[in-house]
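As structure tokens, the structure follows; a few thoughts come after it.
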Amino acid sequence: MSKVEERLAALGLSLPDVAPPVAAYVPAVQTGHHVLTSGQLPMVAGKLQYTGKVGAEVTPEQAKDLARICALNALAAVKSLVGDLDRVVQVVKVVGFVASASDFTGQPAVLNGASELFGEVFGEAGVHARSAVGVAVLPLDAPVEVEIMVRVTDPS
């Protein structure tokens with residue numbers, strides 16, 4: 001087990017299986033030393049945990065937990081390409097989309113669910129640039145979607 005996966009286990013978490021694409025794309029691609037993931041939904045065992053808009057059907061606290069699930073799914077996608085999450089040397093960028101009720105403005109707090117997980121797992125290497133965007137609707141009526149870019153080392 002990698003050191004990253006040991007830290008996840010210490011948090012009571014484990015990497016899920018890579019979520020299969022719901023359209024014509026792949027979960028992640030690597031270009032040079034960077035891995036970019038497709039948008040990851042809060043799927044657990046192939047099912048969304050909640051549906052609807054944050055600030056209406058989904059509370060901000062629930063949405064923050066969903067962003068954490070999205071982050072785990074993104075890490076699973078990264079591992080599927082690089083084989084070992086210990087090769088991640090920096091979480092470079094996190095982009096999060098929050099399906100928001102028309103008066104909801106707490107998107108940054110929702111995305112903290114993902115950002116805080118990366119900090120807990122990678123320490124300083126988890127500090128990243130981020131965008132938190134409110135949108136009208138997401139695929140499958142998901143409340144949150146997260147994509148990441150990480151920098152990795154060469155395989156040893």
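In the structure tokens, the first chain shown is A, the next is B, and so on; residue numbers restart at 1 for each chain, and ligands run from 1 in the order shown.
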List the neighbours of stretch 12-21 of chain A out to 8 Å using only C-alpha atoms; skip same-chain residues closer than 4 positions along the sequence, and give me the result as a PyMOL selection string. chain A and resi 5+8+25-27+40+43-46+72-73+75-77+80
For the selection just defined, write its residues with all heavy atoms to a file, as a short mmCIF file (atom, residue, chain, number, x, y, z; two decimals), in the first residue's frame.
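And here is the file that came out, part.cif:
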data_model
loop_
_atom_site.label_atom_id
_atom_site.label_comp_id
_atom_site.auth_asym_id
_atom_site.auth_seq_id
_atom_site.Cartn_x
_atom_site.Cartn_y
_atom_site.Cartn_z
N GLU A 5 -2.15 6.07 0.24
CA GLU A 5 -3.27 5.20 0.59
C GLU A 5 -3.27 4.87 2.09
O GLU A 5 -4.34 4.71 2.68
CB GLU A 5 -3.26 3.94 -0.27
CG GLU A 5 -3.66 4.27 -1.71
CD GLU A 5 -3.67 3.08 -2.63
OE1 GLU A 5 -4.71 2.41 -2.68
OE2 GLU A 5 -2.64 2.83 -3.27
N LEU A 8 -4.91 7.85 3.59
CA LEU A 8 -6.36 7.73 3.38
C LEU A 8 -6.97 6.76 4.38
O LEU A 8 -8.02 7.04 4.98
CB LEU A 8 -6.66 7.27 1.95
CG LEU A 8 -6.50 8.32 0.85
CD1 LEU A 8 -6.56 7.66 -0.53
CD2 LEU A 8 -7.54 9.41 0.97
N TYR A 25 -15.67 9.84 -23.20
CA TYR A 25 -14.43 10.39 -22.67
C TYR A 25 -13.75 9.32 -21.83
O TYR A 25 -14.31 8.25 -21.62
CB TYR A 25 -14.68 11.65 -21.83
CG TYR A 25 -15.57 11.41 -20.62
CD1 TYR A 25 -15.03 11.05 -19.39
CD2 TYR A 25 -16.95 11.53 -20.70
CE1 TYR A 25 -15.83 10.80 -18.29
CE2 TYR A 25 -17.76 11.30 -19.61
CZ TYR A 25 -17.20 10.94 -18.40
OH TYR A 25 -17.99 10.69 -17.32
N VAL A 26 -12.56 9.62 -21.34
CA VAL A 26 -11.85 8.71 -20.44
C VAL A 26 -11.73 9.39 -19.08
O VAL A 26 -11.80 10.61 -18.98
CB VAL A 26 -10.45 8.33 -20.98
CG1 VAL A 26 -10.58 7.52 -22.27
CG2 VAL A 26 -9.59 9.56 -21.20
N PRO A 27 -11.56 8.62 -18.00
CA PRO A 27 -11.49 9.22 -16.67
C PRO A 27 -10.30 10.17 -16.46
O PRO A 27 -10.40 11.11 -15.69
CB PRO A 27 -11.40 8.02 -15.73
CG PRO A 27 -12.02 6.90 -16.51
CD PRO A 27 -11.66 7.16 -17.94
N GLN A 40 -15.33 14.43 -12.09
CA GLN A 40 -15.73 13.27 -11.30
C GLN A 40 -16.97 13.61 -10.48
O GLN A 40 -16.99 14.62 -9.77
CB GLN A 40 -14.60 12.84 -10.37
CG GLN A 40 -13.32 12.47 -11.12
CD GLN A 40 -13.49 11.23 -11.97
OE1 GLN A 40 -14.02 10.22 -11.49
NE2 GLN A 40 -13.04 11.29 -13.20
N MET A 43 -20.00 9.61 -7.04
CA MET A 43 -20.50 8.25 -7.19
C MET A 43 -19.87 7.34 -6.14
O MET A 43 -18.65 7.39 -5.92
CB MET A 43 -20.16 7.69 -8.56
CG MET A 43 -20.75 8.46 -9.71
SD MET A 43 -22.48 8.10 -9.89
CE MET A 43 -22.59 7.83 -11.63
N VAL A 44 -20.68 6.53 -5.51
CA VAL A 44 -20.22 5.48 -4.61
C VAL A 44 -20.89 4.20 -5.08
O VAL A 44 -22.12 4.14 -5.17
CB VAL A 44 -20.59 5.78 -3.14
CG1 VAL A 44 -20.21 4.61 -2.25
CG2 VAL A 44 -19.91 7.06 -2.67
N ALA A 45 -20.07 3.21 -5.44
CA ALA A 45 -20.58 1.92 -5.95
C ALA A 45 -21.54 2.14 -7.11
O ALA A 45 -22.59 1.50 -7.20
CB ALA A 45 -21.24 1.13 -4.83
N GLY A 46 -21.20 3.09 -7.99
CA GLY A 46 -21.97 3.32 -9.20
C GLY A 46 -23.23 4.14 -9.04
O GLY A 46 -24.00 4.29 -9.98
N LEU A 72 -11.95 11.80 -4.02
CA LEU A 72 -11.50 10.40 -3.95
C LEU A 72 -11.61 9.74 -5.32
O LEU A 72 -10.71 9.00 -5.74
CB LEU A 72 -12.33 9.62 -2.94
CG LEU A 72 -11.97 9.79 -1.48
CD1 LEU A 72 -13.01 9.11 -0.60
CD2 LEU A 72 -10.58 9.23 -1.20
N ASN A 73 -12.70 10.00 -6.02
CA ASN A 73 -12.87 9.43 -7.36
C ASN A 73 -11.81 9.96 -8.31
O ASN A 73 -11.30 9.23 -9.17
CB ASN A 73 -14.28 9.71 -7.88
CG ASN A 73 -15.33 8.88 -7.18
OD1 ASN A 73 -15.04 7.83 -6.62
ND2 ASN A 73 -16.56 9.35 -7.19
N LEU A 75 -8.76 10.90 -7.43
CA LEU A 75 -7.51 10.21 -7.09
C LEU A 75 -7.49 8.79 -7.64
O LEU A 75 -6.44 8.32 -8.10
CB LEU A 75 -7.31 10.19 -5.57
CG LEU A 75 -6.99 11.54 -4.93
CD1 LEU A 75 -6.90 11.40 -3.42
CD2 LEU A 75 -5.71 12.12 -5.51
N ALA A 76 -8.63 8.12 -7.64
CA ALA A 76 -8.70 6.78 -8.24
C ALA A 76 -8.38 6.85 -9.72
O ALA A 76 -7.68 5.98 -10.26
CB ALA A 76 -10.07 6.16 -7.99
N ALA A 77 -8.89 7.88 -10.40
CA ALA A 77 -8.61 8.04 -11.83
C ALA A 77 -7.12 8.30 -12.07
O ALA A 77 -6.53 7.75 -13.01
CB ALA A 77 -9.47 9.17 -12.41
N SER A 80 -5.20 5.09 -11.66
CA SER A 80 -5.41 4.16 -12.77
C SER A 80 -4.40 4.39 -13.90
O SER A 80 -4.10 3.47 -14.65
CB SER A 80 -6.84 4.26 -13.31
OG SER A 80 -7.03 5.44 -14.06
#
Just want the 8 Å neighbourhood of stretch 127-140 of chain A, counted on only C-alpha atoms, with same-chain residues fewer than 6 positions away dropped. Output as a PyMOL selection string. chain A and resi 51+53+90-101+105+107-108+111+115+118-119
Return as a VMD selection string the full set of residues in stretch 11-156 of chain A whose backbone-based DSSP assignment is strand (DSSP E). chain A and resid 28 to 31 34 to 37 43 to 44 47 to 48 88 to 99 129 to 135 144 to 152
Using C-alpha atoms, can you write the selected residues to a file as a PDB file, in the first residue's frame?
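part-v5.pdb was written with the following content:
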ATOM      1  CA  ALA A  28      -7.998  10.747 -16.963  1.00  0.00           C
ATOM      2  CA  VAL A  29      -5.156  11.462 -19.374  1.00  0.00           C
ATOM      3  CA  GLN A  30      -1.456  12.006 -18.839  1.00  0.00           C
ATOM      4  CA  THR A  31       0.644  14.493 -20.745  1.00  0.00           C
ATOM      5  CA  HIS A  34       0.767  16.077 -15.586  1.00  0.00           C
ATOM      6  CA  VAL A  35      -2.375  14.008 -15.148  1.00  0.00           C
ATOM      7  CA  LEU A  36      -5.712  15.684 -15.797  1.00  0.00           C
ATOM      8  CA  THR A  37      -8.928  14.031 -14.748  1.00  0.00           C
ATOM      9  CA  MET A  43     -20.502   8.249  -7.187  1.00  0.00           C
ATOM     10  CA  VAL A  44     -20.220   5.483  -4.612  1.00  0.00           C
ATOM     11  CA  LYS A  47     -24.663   5.489  -7.602  1.00  0.00           C
ATOM     12  CA  LEU A  48     -24.955   9.189  -6.869  1.00  0.00           C
ATOM     13  CA  VAL A  88       2.010  12.640  -7.118  1.00  0.00           C
ATOM     14  CA  VAL A  89       4.310  15.514  -6.188  1.00  0.00           C
ATOM     15  CA  GLN A  90       1.773  18.350  -6.435  1.00  0.00           C
ATOM     16  CA  VAL A  91      -1.952  18.861  -6.738  1.00  0.00           C
ATOM     17  CA  VAL A  92      -1.749  21.717  -9.226  1.00  0.00           C
ATOM     18  CA  LYS A  93      -5.366  22.717  -9.912  1.00  0.00           C
ATOM     19  CA  VAL A  94      -8.833  21.806  -8.694  1.00  0.00           C
ATOM     20  CA  VAL A  95     -11.932  22.878 -10.606  1.00  0.00           C
ATOM     21  CA  GLY A  96     -15.286  22.326  -8.997  1.00  0.00           C
ATOM     22  CA  PHE A  97     -18.808  22.817 -10.259  1.00  0.00           C
ATOM     23  CA  VAL A  98     -21.743  23.164  -7.890  1.00  0.00           C
ATOM     24  CA  ALA A  99     -25.308  22.798  -9.164  1.00  0.00           C
ATOM     25  CA  ALA A 129      -5.019  26.689  -7.321  1.00  0.00           C
ATOM     26  CA  ARG A 130      -8.801  26.326  -7.520  1.00  0.00           C
ATOM     27  CA  SER A 131     -11.973  27.485  -9.214  1.00  0.00           C
ATOM     28  CA  ALA A 132     -15.416  27.013  -7.636  1.00  0.00           C
ATOM     29  CA  VAL A 133     -18.197  27.598 -10.142  1.00  0.00           C
ATOM     30  CA  GLY A 134     -21.951  27.657  -9.627  1.00  0.00           C
ATOM     31  CA  VAL A 135     -23.926  26.102 -12.479  1.00  0.00           C
ATOM     32  CA  VAL A 144     -21.149  18.578  -7.372  1.00  0.00           C
ATOM     33  CA  GLU A 145     -18.461  17.706  -9.927  1.00  0.00           C
ATOM     34  CA  VAL A 146     -14.684  17.979  -9.427  1.00  0.00           C
ATOM     35  CA  GLU A 147     -11.747  17.706 -11.824  1.00  0.00           C
ATOM     36  CA  ILE A 148      -8.072  17.923 -10.919  1.00  0.00           C
ATOM     37  CA  MET A 149      -4.619  18.304 -12.421  1.00  0.00           C
ATOM     38  CA  VAL A 150      -1.639  16.790 -10.628  1.00  0.00           C
ATOM     39  CA  ARG A 151       2.088  16.733 -11.343  1.00  0.00           C
ATOM     40  CA  VAL A 152       3.773  13.334 -11.083  1.00  0.00           C
TER      41      VAL A 152
END
Got a sec to tell me which of chain A DSSP assigns to alpha helix (DSSP H), as a ChimeraX atom specification? /A:3-10,60-82,107-122
Write out, as a CSV table (one decimal), in the first residue's frame, the residues just selected, with C-alpha atoms.
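Result went into again26.csv, see below:
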chain,number,residue,atom,x,y,z
A,3,LYS,CA,2.0,6.1,1.7
A,4,VAL,CA,-0.9,8.2,0.2
A,5,GLU,CA,-3.3,5.2,0.6
A,6,GLU,CA,-2.0,4.7,4.2
A,7,ARG,CA,-2.9,8.3,5.0
A,8,LEU,CA,-6.4,7.7,3.4
A,9,ALA,CA,-6.8,4.6,5.5
A,10,ALA,CA,-5.9,6.6,8.6
A,60,PRO,CA,-24.1,22.9,1.8
A,61,GLU,CA,-22.8,20.4,4.4
A,62,GLN,CA,-23.9,17.4,2.3
A,63,ALA,CA,-22.4,19.0,-0.8
A,64,LYS,CA,-19.1,19.5,1.0
A,65,ASP,CA,-19.1,15.7,1.8
A,66,LEU,CA,-19.9,15.0,-1.9
A,67,ALA,CA,-17.0,17.1,-3.0
A,68,ARG,CA,-14.8,14.9,-0.9
A,69,ILE,CA,-16.2,11.8,-2.6
A,70,CYS,CA,-15.5,13.5,-6.0
A,71,ALA,CA,-11.9,14.1,-4.9
A,72,LEU,CA,-11.5,10.4,-4.0
A,73,ASN,CA,-12.9,9.4,-7.4
A,74,ALA,CA,-10.4,11.8,-9.0
A,75,LEU,CA,-7.5,10.2,-7.1
A,76,ALA,CA,-8.7,6.8,-8.2
A,77,ALA,CA,-8.6,8.0,-11.8
A,78,VAL,CA,-5.1,9.4,-11.3
A,79,LYS,CA,-3.9,6.1,-9.8
A,80,SER,CA,-5.4,4.2,-12.8
A,81,LEU,CA,-2.9,5.9,-15.0
A,82,VAL,CA,0.2,6.2,-12.8
A,107,GLN,CA,-19.6,27.3,-3.8
A,108,PRO,CA,-16.1,27.9,-2.3
A,109,ALA,CA,-17.2,26.3,1.0
A,110,VAL,CA,-18.6,23.3,-0.8
A,111,LEU,CA,-15.3,22.8,-2.7
A,112,ASN,CA,-13.4,22.9,0.5
A,113,GLY,CA,-14.5,19.3,0.9
A,114,ALA,CA,-12.1,18.4,-2.0
A,115,SER,CA,-9.4,20.9,-1.1
A,116,GLU,CA,-9.2,19.9,2.5
A,117,LEU,CA,-8.9,16.2,1.6
A,118,PHE,CA,-6.0,17.0,-0.7
A,119,GLY,CA,-4.3,18.9,2.2
A,120,GLU,CA,-4.9,16.0,4.6
A,121,VAL,CA,-3.5,13.4,2.2
A,122,PHE,CA,-0.6,15.3,0.5
With only C-alpha atoms as the counted atoms, please give the residues lying no more than 12 Å from A:Pro155, apart from itself and same-chain residues fewer than 5 positions off, as an mmCIF file with N, CA and C atoms, in the first residue's frame.
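Below is the file that was written, around23.cif:
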data_model
loop_
_atom_site.group_PDB
_atom_site.id
_atom_site.type_symbol
_atom_site.label_atom_id
_atom_site.label_comp_id
_atom_site.auth_asym_id
_atom_site.auth_seq_id
_atom_site.Cartn_x
_atom_site.Cartn_y
_atom_site.Cartn_z
ATOM 1 N N GLY A 32 3.030 14.342 -20.385
ATOM 2 C CA GLY A 32 4.273 14.644 -19.688
ATOM 3 C C GLY A 32 4.158 14.283 -18.211
ATOM 4 N N HIS A 33 4.450 15.258 -17.365
ATOM 5 C CA HIS A 33 4.406 15.036 -15.917
ATOM 6 C C HIS A 33 3.070 15.440 -15.294
ATOM 7 N N LEU A 81 -3.866 5.602 -13.984
ATOM 8 C CA LEU A 81 -2.862 5.900 -15.018
ATOM 9 C C LEU A 81 -1.437 5.741 -14.518
ATOM 10 N N VAL A 82 -1.155 6.197 -13.305
ATOM 11 C CA VAL A 82 0.234 6.241 -12.843
ATOM 12 C C VAL A 82 0.603 5.067 -11.945
ATOM 13 N N GLY A 83 -0.381 4.302 -11.499
ATOM 14 C CA GLY A 83 -0.112 3.089 -10.747
ATOM 15 C C GLY A 83 0.142 3.266 -9.263
ATOM 16 N N ASP A 84 0.665 4.415 -8.843
ATOM 17 C CA ASP A 84 1.034 4.622 -7.443
ATOM 18 C C ASP A 84 0.858 6.100 -7.120
ATOM 19 N N LEU A 85 -0.025 6.414 -6.174
ATOM 20 C CA LEU A 85 -0.277 7.816 -5.832
ATOM 21 C C LEU A 85 0.915 8.472 -5.144
ATOM 22 N N ASP A 86 1.898 7.697 -4.708
ATOM 23 C CA ASP A 86 3.114 8.298 -4.161
ATOM 24 C C ASP A 86 3.903 9.027 -5.239
ATOM 25 N N ARG A 87 3.571 8.812 -6.499
ATOM 26 C CA ARG A 87 4.210 9.550 -7.596
ATOM 27 C C ARG A 87 3.672 10.972 -7.727
ATOM 28 N N VAL A 88 2.563 11.284 -7.062
ATOM 29 C CA VAL A 88 2.010 12.640 -7.118
ATOM 30 C C VAL A 88 2.887 13.554 -6.270
#
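Put simply, atom CA of A:Asp103 is 14.4 Å away from atom CA of A:Gly52.
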Using only C-alpha atoms, the residue out of A:Ser2, A:Val54, A:Leu41, A:Gly123 with shortest distance to A:Ser102 is A:Val54
